Amino acid sequence: MPTKHTLLSSAVGFGIAALASTAVAEEITIATVNNADMIVMQKLAPQWEEATGNTINWVVLEENVLRQRTTQDIATGGGSFDIMFIGAYETPIWGANGWLTSLNDFGDDADYDLEDIFQLVRNGLSADGNLYAVPLYSETSFTFYRTDLFEKAGIEPPTEQITYTEFAEMAAKLHDPDNGVFGTCQRGKAGWGENMAFVGTMANAFGARWFDMDWNPQLDSPEWNAAITYYVDLMNNSGPPGATANGHNENRALFKDGKCATWVDATSAANDVRNPATSNVADVTDFFQAPKQETDKGTGWFWSWALAIPASSQKADIAKDFLKWATSKEYFQMVGDTEGWVAVPSGTRASIHEDPRLLEAAPFAETIKNAIFSVDPADPTRDPVPYTGVQFVAIPEFQGIGNYVGQQVAAALAGQMSVEQALANSQQFAVREMTKAGYIK
Amino acid sequence: MARAVSNRTKVANTAIAGALGFLMFFPILWILVLAFKTEEDAIRAPLEVLFGSGWTMESFATVQARSDYFKHFSNSVIISLGSTFLGLLVAIPAAWSMAFVPSKHTRNVLMWMLSTKMLPPVGVLVPIYLIFRDLELLDSRFGLTIVLMLINLPIIIWMLYTYFKEIPGEILEAARMDGATLRAEILYVLTPMAIPGMASTVLLNIILAWNEAFWTINLTASNAAPLTQFITSYSSPEGLFYAKLSAASVMAIAPILIMGWFSQKQLVRGLTFGAVK
């Protein structure tokens with residue numbers, strides 16, 4: 001029978017333990033977008049909270065608001081967030097500015113196995129040899145196509161990378177608007193992350209580049225003219241009406257609804273399109289590489305959504321602990337076990353891409369991996385360039401320039417101005433911005 | 001003598017007013033419709049959305065399950081009521097002095113206050129953000145209440161000043177002759193006479209504070225985030241989100257819409273107060 005003394009000492013012991021656990025428990029704040037992978041993470045995060053005693057405040061924002069809000073906080077050292085969900089565009093720029101905490105020490109943790117994360121992805125999230133973010137998922141672009149429509153039209157699905165000229169011929173054959181099927185659906189909505197993601201890679205294929213080695217804009221070059229002329233013709237001849245209103249989301253919905261025969265877009269949409277619960281064309285969709293033209297360089301984009309810790313965070317150690325948990329092999333396996341392997345974020349870890357459970361649930365995972373491996377952000381164009389990035393240029397000025405060019409291209413697509421005029425305006429704007437920023441003396 | 005208005009003119013005026021009213025209300029109506037659709041139905045052609053698809057509450061259930069609505073709601077209530085109350089504390093004496101004991105600078109002061117509303121908020125975002133960071137007011141309800149009070153203060157003062165100007169100064173003089181103190185004069189003589197105007201000022205200020213999105217999104221993270229941030233969290237870079245975003249919007253605007261509906265009589269009376277004498 002316990003004595004009074006034993007009970008008292010036990011009570012004191014529990015009290016001290018409770019106080020100790022209260023003292024170490026911390027609350028971290030994570031700023032993120034509202035996408036499927038982050039929703040799954042929010043669902044699973046209580047397991048980390050239970051294991052560590054820490055808690056998470058999720059701040060979910062619209063993508064553009066998130067960019068503006070996190071940029072403002074990190075640039076002023078506001079310290080509102082301990083972890084930020086950022087992309088492959090911001091990470092190297094912010095890292096080089098000293099705004100992010102280096103994650104190089106993740107390499108010392110054998111359990112985490114940093115080497116298992118694809119080298120290409122790690123490079124994209126580094127600056128000056130330092131890793132500044134760890135990826136949740138990575139993507140490139142490839143061609144979604146309807147196997148049933150190809151068969152009906154007597155088109156043999158490509159096994160090698162085709163040219164954009166061949167692609168336009170295919171789209172024209174498949175175009176059947178009377179029966180509600182458009183030959184191709186491509187992004188038309190203006191924005192550096194919308195139409196310019198597709199147009200940028202297409203321009204690379206046509207041999208175009210944003211800047212020469214002296215940072216002079218090249219938007220009035222014959223290569224850009226050929227690319228944009230092709231794009232406008234393709235969309236006018238084989239695309240849906242009102243394409244300037246269609247971004248990634250709208251085209252994804254059109255494709256899943258059976259309205260598009262082809263679509264060049266993000267590999268990360270493959271899981272959704274091939275999911276019978278959310279797509280009408282799950283069983284009749286397959287993929288091939290994004291087309292080439294003058295060159296096969298930079299024909300598929302590279303993007304990664306990743307988690308980073310602002311240098312202003314006061315809880316960097318706890319934030320690091322969460323980052324390790326949320327991008328560990330065990331986390332991806334947990335997503336597979338709880339949400340189904342088709343929902344596992346792709347393009348991040350070699351071991352996950354080799355997992356037989358993933359290969360069985362998502363046979364196209366191998367195609368995605370190969371497509372990602374075919375991209376080299378450090379060498380994205382036919383002619384040499386001073387920048388890295390395939391569909392973007394990793395300099396702070398690109399956002400403004402990319403958005404402006406996107407608006408001009410959308411105006412050309414809508415028939416409000418000629419391709420020549422759109423590119424002349426774009427060139428003029430880019431020269432002005434680059435001169436103002438000091439790139440051009 | 002009242003001007004005779006023909007029935008035809010009346011019908012035409014009513015039709016134009018009705019059409020304009022419908023046009024202004026249409027975005028809200030469409031949000032309401034989409035909130036009760038599935039994501040797949042929400043992106044169909046407008047006629048298909050209305051007549052070719054079913055109705056569901058699933059978006060409300062998803063939003064309710066994924067977010068802490070009541071935390072955002074209570075932040076909105078605290079911030080909008082708090083900023084209005086604080087604003088009145090400052091604005092009533094200020095409007096009184098300008099209406100009843102004006103100086104030669106009163107007009108300039110009023111114009112200067114109004115001119116602060118012409119400054120784009122983003123122009124002062126960084127300085128205010130830095131001040132908030134240094135005072136540790138980021139993501140605090142108190143900080144946000146102060147900012148919203150300051151932003152809406154010119155409107156409150158202008159409205160109260162206009163209402164106070166309509167009240168004959170002789171009544172206040174009579175109160176003073178009867179021995180009323182300044183406090184008693186404002187509390188027991190001026191305020192009861194200006195109640196309709198003050199009510200509409202309060203209502204308008206609550207609506208403005210409730211709907212304010214720039215500062216409430218930029219100065220908060222999670223603890224003080226009101227319903228404006230709750231709405232923005234349902235816009236997604238990938239996949240379909242119109243139905244969930246509409247459901248979140250309906251949940252965010254419903255309280256203020258209901259309040260506006262019940263108080264529209266006071267609101268209209270207050271806003272037109274003094275126009276016809």
# chains A, B, ... in the order shown; residues from 1 in each chain; ligands from 1
call {"tool": "interface_residues", "arguments": {"of": "chain B", "to": "chain A", "cutoff": "10 Å", "atoms": "only C-alpha atoms", "output": "CSV table (one decimal) with N, CA and C atoms, in the first residue's frame"}}
result
chain,number,residue,atom,x,y,z
B,39,GLU,N,-17.6,21.1,-56.4
B,39,GLU,CA,-16.6,21.8,-57.1
B,39,GLU,C,-16.7,21.6,-58.6
B,40,GLU,N,-17.0,20.4,-59.0
B,40,GLU,CA,-17.2,20.1,-60.5
B,40,GLU,C,-18.3,20.9,-61.1
B,43,ILE,N,-17.9,24.9,-61.8
B,43,ILE,CA,-17.1,25.5,-62.9
B,43,ILE,C,-17.9,25.3,-64.2
B,44,ARG,N,-19.1,24.8,-64.2
B,44,ARG,CA,-19.8,24.6,-65.4
B,44,ARG,C,-20.3,25.9,-66.0
B,66,ARG,N,-12.2,21.9,-41.8
B,66,ARG,CA,-10.8,22.3,-42.0
B,66,ARG,C,-10.3,23.5,-41.3
B,67,SER,N,-11.3,24.4,-40.9
B,67,SER,CA,-10.9,25.7,-40.3
B,67,SER,C,-11.6,25.9,-39.0
B,125,LEU,N,2.6,50.6,-45.7
B,125,LEU,CA,2.7,49.3,-45.2
B,125,LEU,C,4.0,48.9,-44.5
B,126,VAL,N,5.1,49.2,-45.1
B,126,VAL,CA,6.4,48.8,-44.5
B,126,VAL,C,6.6,49.6,-43.2
B,127,PRO,N,6.5,51.0,-43.2
B,127,PRO,CA,6.7,51.6,-41.9
B,127,PRO,C,5.8,51.1,-40.8
B,129,TYR,N,4.4,48.2,-40.6
B,129,TYR,CA,4.8,46.8,-40.3
B,129,TYR,C,6.0,46.8,-39.4
B,130,LEU,N,7.0,47.7,-39.6
B,130,LEU,CA,8.2,47.8,-38.8
B,130,LEU,C,7.8,48.3,-37.4
B,132,PHE,N,5.0,48.0,-35.9
B,132,PHE,CA,4.3,46.9,-35.2
B,132,PHE,C,5.3,45.8,-34.8
B,133,ARG,N,6.3,45.5,-35.6
B,133,ARG,CA,7.3,44.5,-35.2
B,133,ARG,C,8.0,45.0,-34.0
B,134,ASP,N,8.4,46.2,-33.9
B,134,ASP,CA,9.2,46.7,-32.8
B,134,ASP,C,8.3,46.8,-31.5
B,136,GLU,N,5.9,44.8,-30.9
B,136,GLU,CA,5.4,43.5,-30.7
B,136,GLU,C,3.9,43.4,-30.9
B,138,LEU,N,2.5,42.8,-34.0
B,138,LEU,CA,2.1,41.9,-35.1
B,138,LEU,C,1.2,40.8,-34.6
B,139,ASP,N,0.2,40.5,-35.4
B,139,ASP,CA,-0.7,39.4,-35.0
B,139,ASP,C,-1.4,39.6,-33.7
B,217,ILE,N,-5.1,41.3,-43.3
B,217,ILE,CA,-4.3,40.2,-43.8
B,217,ILE,C,-2.8,40.4,-43.6
B,218,ASN,N,-2.4,41.7,-43.8
B,218,ASN,CA,-1.0,41.9,-43.7
B,218,ASN,C,-0.4,42.0,-42.3
B,219,LEU,N,-1.2,42.3,-41.3
B,219,LEU,CA,-0.7,42.5,-40.0
B,219,LEU,C,-1.0,41.3,-39.0
B,220,THR,N,-1.6,40.3,-39.6
B,220,THR,CA,-1.9,39.1,-38.7
B,220,THR,C,-1.3,37.9,-39.3
B,221,ALA,N,-1.2,36.8,-38.5
B,221,ALA,CA,-0.8,35.5,-38.9
B,221,ALA,C,-1.8,34.5,-38.5
B,222,SER,N,-1.9,34.2,-37.3
B,222,SER,CA,-2.9,33.2,-36.9
B,222,SER,C,-3.8,33.7,-35.7
B,223,ASN,N,-3.2,34.3,-34.7
B,223,ASN,CA,-3.9,34.6,-33.4
B,223,ASN,C,-5.0,35.6,-33.6
B,225,ALA,N,-6.1,36.7,-36.7
B,225,ALA,CA,-6.6,36.6,-38.1
B,225,ALA,C,-8.2,36.6,-38.1
B,229,GLN,N,-9.1,36.7,-43.6
B,229,GLN,CA,-8.0,35.7,-43.9
B,229,GLN,C,-8.6,34.3,-44.0
B,230,PHE,N,-9.7,34.1,-43.3
B,230,PHE,CA,-10.4,32.8,-43.4
B,230,PHE,C,-10.8,32.6,-44.9
B,231,ILE,N,-11.3,33.7,-45.6
B,231,ILE,CA,-11.7,33.6,-47.0
B,231,ILE,C,-10.6,33.3,-47.9
B,232,THR,N,-9.5,34.0,-47.7
B,232,THR,CA,-8.3,33.9,-48.6
B,232,THR,C,-7.7,32.5,-48.5
B,233,SER,N,-7.9,31.8,-47.4
B,233,SER,CA,-7.3,30.5,-47.2
B,233,SER,C,-8.0,29.4,-48.1
B,234,TYR,N,-9.1,29.8,-48.7
B,234,TYR,CA,-9.8,28.8,-49.6
B,234,TYR,C,-9.5,29.0,-51.1
B,235,SER,N,-8.6,29.9,-51.4
B,235,SER,CA,-8.2,30.0,-52.8
B,235,SER,C,-7.0,29.1,-53.0
B,236,SER,N,-7.0,28.3,-54.0
B,236,SER,CA,-6.0,27.3,-54.2
B,236,SER,C,-5.2,27.4,-55.5
B,237,PRO,N,-3.9,27.2,-55.5
B,237,PRO,CA,-3.1,27.3,-56.8
B,237,PRO,C,-3.4,26.1,-57.6
B,238,GLU,N,-3.9,25.0,-57.1
B,238,GLU,CA,-4.1,23.8,-57.9
B,238,GLU,C,-5.5,23.2,-57.5
B,239,GLY,N,-6.1,22.6,-58.5
B,239,GLY,CA,-7.4,22.0,-58.2
B,239,GLY,C,-8.5,23.0,-58.1
B,240,LEU,N,-9.7,22.4,-57.9
B,240,LEU,CA,-10.9,23.3,-57.9
B,240,LEU,C,-11.2,23.8,-56.5
B,241,PHE,N,-11.6,25.0,-56.5
B,241,PHE,CA,-11.8,25.6,-55.1
B,241,PHE,C,-13.0,26.6,-55.1
call {"tool": "select_by_dssp", "arguments": {"residues": "stretch 53-127 of chain B", "states": "alpha helix (DSSP H)", "output": "PDB file with C-alpha atoms, in the first residue's frame"}}
result
ATOM      1  CA  GLU B  58     -20.618  19.541 -48.686  1.00  0.00           C
ATOM      2  CA  SER B  59     -18.488  22.665 -49.156  1.00  0.00           C
ATOM      3  CA  PHE B  60     -19.758  24.088 -45.852  1.00  0.00           C
ATOM      4  CA  ALA B  61     -18.940  20.788 -44.133  1.00  0.00           C
ATOM      5  CA  THR B  62     -15.417  20.768 -45.608  1.00  0.00           C
ATOM      6  CA  VAL B  63     -14.765  24.372 -44.617  1.00  0.00           C
ATOM      7  CA  GLN B  64     -16.132  23.792 -41.135  1.00  0.00           C
ATOM      8  CA  ALA B  65     -13.964  20.672 -40.706  1.00  0.00           C
ATOM      9  CA  ARG B  66     -10.785  22.280 -41.994  1.00  0.00           C
ATOM     10  CA  TYR B  69     -14.457  29.452 -38.107  1.00  0.00           C
ATOM     11  CA  PHE B  70     -15.389  30.681 -34.645  1.00  0.00           C
ATOM     12  CA  LYS B  71     -11.867  31.833 -33.865  1.00  0.00           C
ATOM     13  CA  HIS B  72     -11.859  33.987 -37.021  1.00  0.00           C
ATOM     14  CA  PHE B  73     -15.418  35.114 -36.354  1.00  0.00           C
ATOM     15  CA  SER B  74     -14.667  36.204 -32.793  1.00  0.00           C
ATOM     16  CA  ASN B  75     -11.564  38.071 -33.995  1.00  0.00           C
ATOM     17  CA  SER B  76     -13.718  39.915 -36.544  1.00  0.00           C
ATOM     18  CA  VAL B  77     -16.281  40.813 -33.881  1.00  0.00           C
ATOM     19  CA  ILE B  78     -13.655  42.024 -31.398  1.00  0.00           C
ATOM     20  CA  ILE B  79     -11.725  44.032 -33.966  1.00  0.00           C
ATOM     21  CA  SER B  80     -14.711  45.690 -35.624  1.00  0.00           C
ATOM     22  CA  LEU B  81     -16.580  46.499 -32.390  1.00  0.00           C
ATOM     23  CA  GLY B  82     -13.387  47.525 -30.599  1.00  0.00           C
ATOM     24  CA  SER B  83     -12.231  49.859 -33.359  1.00  0.00           C
ATOM     25  CA  THR B  84     -15.706  51.408 -33.593  1.00  0.00           C
ATOM     26  CA  PHE B  85     -15.940  51.981 -29.843  1.00  0.00           C
ATOM     27  CA  LEU B  86     -12.454  53.488 -29.654  1.00  0.00           C
ATOM     28  CA  GLY B  87     -13.199  55.592 -32.722  1.00  0.00           C
ATOM     29  CA  LEU B  88     -16.337  57.030 -31.105  1.00  0.00           C
ATOM     30  CA  LEU B  89     -14.410  57.910 -27.944  1.00  0.00           C
ATOM     31  CA  VAL B  90     -12.080  60.066 -29.982  1.00  0.00           C
ATOM     32  CA  ALA B  91     -14.508  61.257 -32.652  1.00  0.00           C
ATOM     33  CA  ILE B  92     -17.389  62.555 -30.492  1.00  0.00           C
ATOM     34  CA  PRO B  93     -15.334  65.232 -28.685  1.00  0.00           C
ATOM     35  CA  ALA B  94     -13.464  66.051 -31.896  1.00  0.00           C
ATOM     36  CA  ALA B  95     -16.675  66.467 -33.914  1.00  0.00           C
ATOM     37  CA  TRP B  96     -18.292  68.444 -31.083  1.00  0.00           C
ATOM     38  CA  SER B  97     -15.462  70.934 -30.927  1.00  0.00           C
ATOM     39  CA  MET B  98     -15.381  71.392 -34.681  1.00  0.00           C
ATOM     40  CA  ALA B  99     -19.159  71.733 -34.954  1.00  0.00           C
ATOM     41  CA  PHE B 100     -19.834  74.035 -32.015  1.00  0.00           C
ATOM     42  CA  THR B 106     -11.370  73.726 -38.597  1.00  0.00           C
ATOM     43  CA  ARG B 107     -12.058  73.410 -42.300  1.00  0.00           C
ATOM     44  CA  ASN B 108      -8.376  72.741 -43.036  1.00  0.00           C
ATOM     45  CA  VAL B 109      -8.218  70.120 -40.286  1.00  0.00           C
ATOM     46  CA  LEU B 110     -11.285  68.384 -41.705  1.00  0.00           C
ATOM     47  CA  MET B 111      -9.828  68.404 -45.202  1.00  0.00           C
ATOM     48  CA  TRP B 112      -6.476  67.158 -43.931  1.00  0.00           C
ATOM     49  CA  MET B 113      -8.174  64.257 -42.150  1.00  0.00           C
ATOM     50  CA  LEU B 114     -10.045  63.377 -45.311  1.00  0.00           C
ATOM     51  CA  SER B 115      -6.862  63.566 -47.360  1.00  0.00           C
ATOM     52  CA  LEU B 125       2.653  49.260 -45.179  1.00  0.00           C
ATOM     53  CA  VAL B 126       6.367  48.838 -44.535  1.00  0.00           C
ATOM     54  CA  PRO B 127       6.716  51.636 -41.927  1.00  0.00           C
TER      55      PRO B 127
END
call {"tool": "select_by_dssp", "arguments": {"residues": "stretch 160-398 of chain A", "states": "strand (DSSP E)", "output": "list in words"}}
result
Thr262, Trp263, Val264, Asp265, Ala266, Thr285, Asp286, Phe287, Phe288, Gln289, Trp303, Ser304, Trp305, Ala306, Leu307 and Ala308 of chain A
call {"tool": "write_last_selection", "arguments": {"atoms": "C-alpha atoms", "output": "JSON list (two decimals), in the first residue's frame"}}
result
[["chain", "number", "residue", "atom", "x", "y", "z"],
["A", 262, "THR", "CA", -3.98, 17.05, -75.21],
["A", 263, "TRP", "CA", -2.60, 19.30, -72.49],
["A", 264, "VAL", "CA", 1.01, 20.19, -71.69],
["A", 265, "ASP", "CA", 1.14, 20.92, -67.98],
["A", 266, "ALA", "CA", 2.43, 20.00, -64.52],
["A", 285, "THR", "CA", -5.26, 9.28, -70.06],
["A", 286, "ASP", "CA", -1.58, 8.69, -70.63],
["A", 287, "PHE", "CA", 1.49, 10.86, -70.91],
["A", 288, "PHE", "CA", 4.43, 11.66, -73.17],
["A", 289, "GLN", "CA", 7.28, 14.15, -72.98],
["A", 303, "TRP", "CA", 9.23, 23.63, -60.03],
["A", 304, "SER", "CA", 9.36, 22.53, -56.45],
["A", 305, "TRP", "CA", 7.21, 23.48, -53.49],
["A", 306, "ALA", "CA", 9.38, 23.37, -50.40],
["A", 307, "LEU", "CA", 9.52, 24.22, -46.73],
["A", 308, "ALA", "CA", 12.01, 26.80, -45.44]]
call {"tool": "residues_around", "arguments": {"residues": "stretch 157-161 of chain A", "least_positions_apart": "6", "cutoff": "12 Å", "atoms": "only C-alpha atoms", "output": "JSON, numbers by chain"}}
result
{"A": [142, 143, 144, 145, 146, 147, 148, 149, 150, 151, 167, 170, 205, 262, 285, 286, 287, 288, 289, 290, 291, 292, 293, 295, 296, 297, 299, 300, 367, 371, 374]}
call {"tool": "write_last_selection", "arguments": {"atoms": "C-alpha atoms", "output": "mmCIF file, in the first residue's frame"}}
result
data_model
loop_
_atom_site.group_PDB
_atom_site.id
_atom_site.type_symbol
_atom_site.label_atom_id
_atom_site.label_comp_id
_atom_site.auth_asym_id
_atom_site.auth_seq_id
_atom_site.Cartn_x
_atom_site.Cartn_y
_atom_site.Cartn_z
ATOM 1 C CA PHE A 142 4.723 16.786 -69.774
ATOM 2 C CA THR A 143 1.928 16.063 -72.222
ATOM 3 C CA PHE A 144 -1.346 14.595 -71.012
ATOM 4 C CA TYR A 145 -3.214 12.888 -73.836
ATOM 5 C CA ARG A 146 -6.411 10.920 -74.359
ATOM 6 C CA THR A 147 -5.643 7.373 -75.498
ATOM 7 C CA ASP A 148 -9.231 6.809 -76.739
ATOM 8 C CA LEU A 149 -9.226 9.925 -78.929
ATOM 9 C CA PHE A 150 -5.779 9.119 -80.330
ATOM 10 C CA GLU A 151 -6.985 5.638 -81.228
ATOM 11 C CA PHE A 167 2.166 18.331 -81.998
ATOM 12 C CA MET A 170 -1.926 16.032 -83.952
ATOM 13 C CA ALA A 205 12.168 24.757 -77.426
ATOM 14 C CA THR A 262 -3.983 17.050 -75.211
ATOM 15 C CA THR A 285 -5.257 9.283 -70.065
ATOM 16 C CA ASP A 286 -1.578 8.689 -70.629
ATOM 17 C CA PHE A 287 1.492 10.859 -70.910
ATOM 18 C CA PHE A 288 4.426 11.658 -73.167
ATOM 19 C CA GLN A 289 7.275 14.147 -72.980
ATOM 20 C CA ALA A 290 6.652 17.855 -73.652
ATOM 21 C CA PRO A 291 7.528 18.562 -77.309
ATOM 22 C CA LYS A 292 10.821 20.012 -78.577
ATOM 23 C CA GLN A 293 11.480 22.135 -81.671
ATOM 24 C CA THR A 295 16.285 22.208 -79.291
ATOM 25 C CA ASP A 296 15.260 19.723 -76.618
ATOM 26 C CA LYS A 297 16.718 21.882 -73.835
ATOM 27 C CA THR A 299 11.253 21.920 -72.905
ATOM 28 C CA GLY A 300 9.812 20.804 -69.555
ATOM 29 C CA THR A 367 7.492 8.677 -66.364
ATOM 30 C CA ALA A 371 10.694 13.761 -67.051
ATOM 31 C CA SER A 374 15.477 15.401 -68.163
#
call {"tool": "closest_residue", "arguments": {"among": "A:Pro217, A:Pro345, A:Pro46, A:Gly129", "to": "A:Thr327", "atoms": "only C-alpha atoms"}}
result
A:Pro345
call {"tool": "atom_distance", "arguments": {"atom1": "atom CA of A:Ala133", "atom2": "atom CA of B:Phe214"}}
result
28.7 Å
call {"tool": "atom_distance", "arguments": {"atom1": "atom CA of A:Glu156", "atom2": "atom CA of A:Gly183"}}
result
15.3 Å
call {"tool": "atom_distance", "arguments": {"atom1": "atom CA of B:Ser6", "atom2": "atom CA of B:Gln264"}}
result
28.6 Å
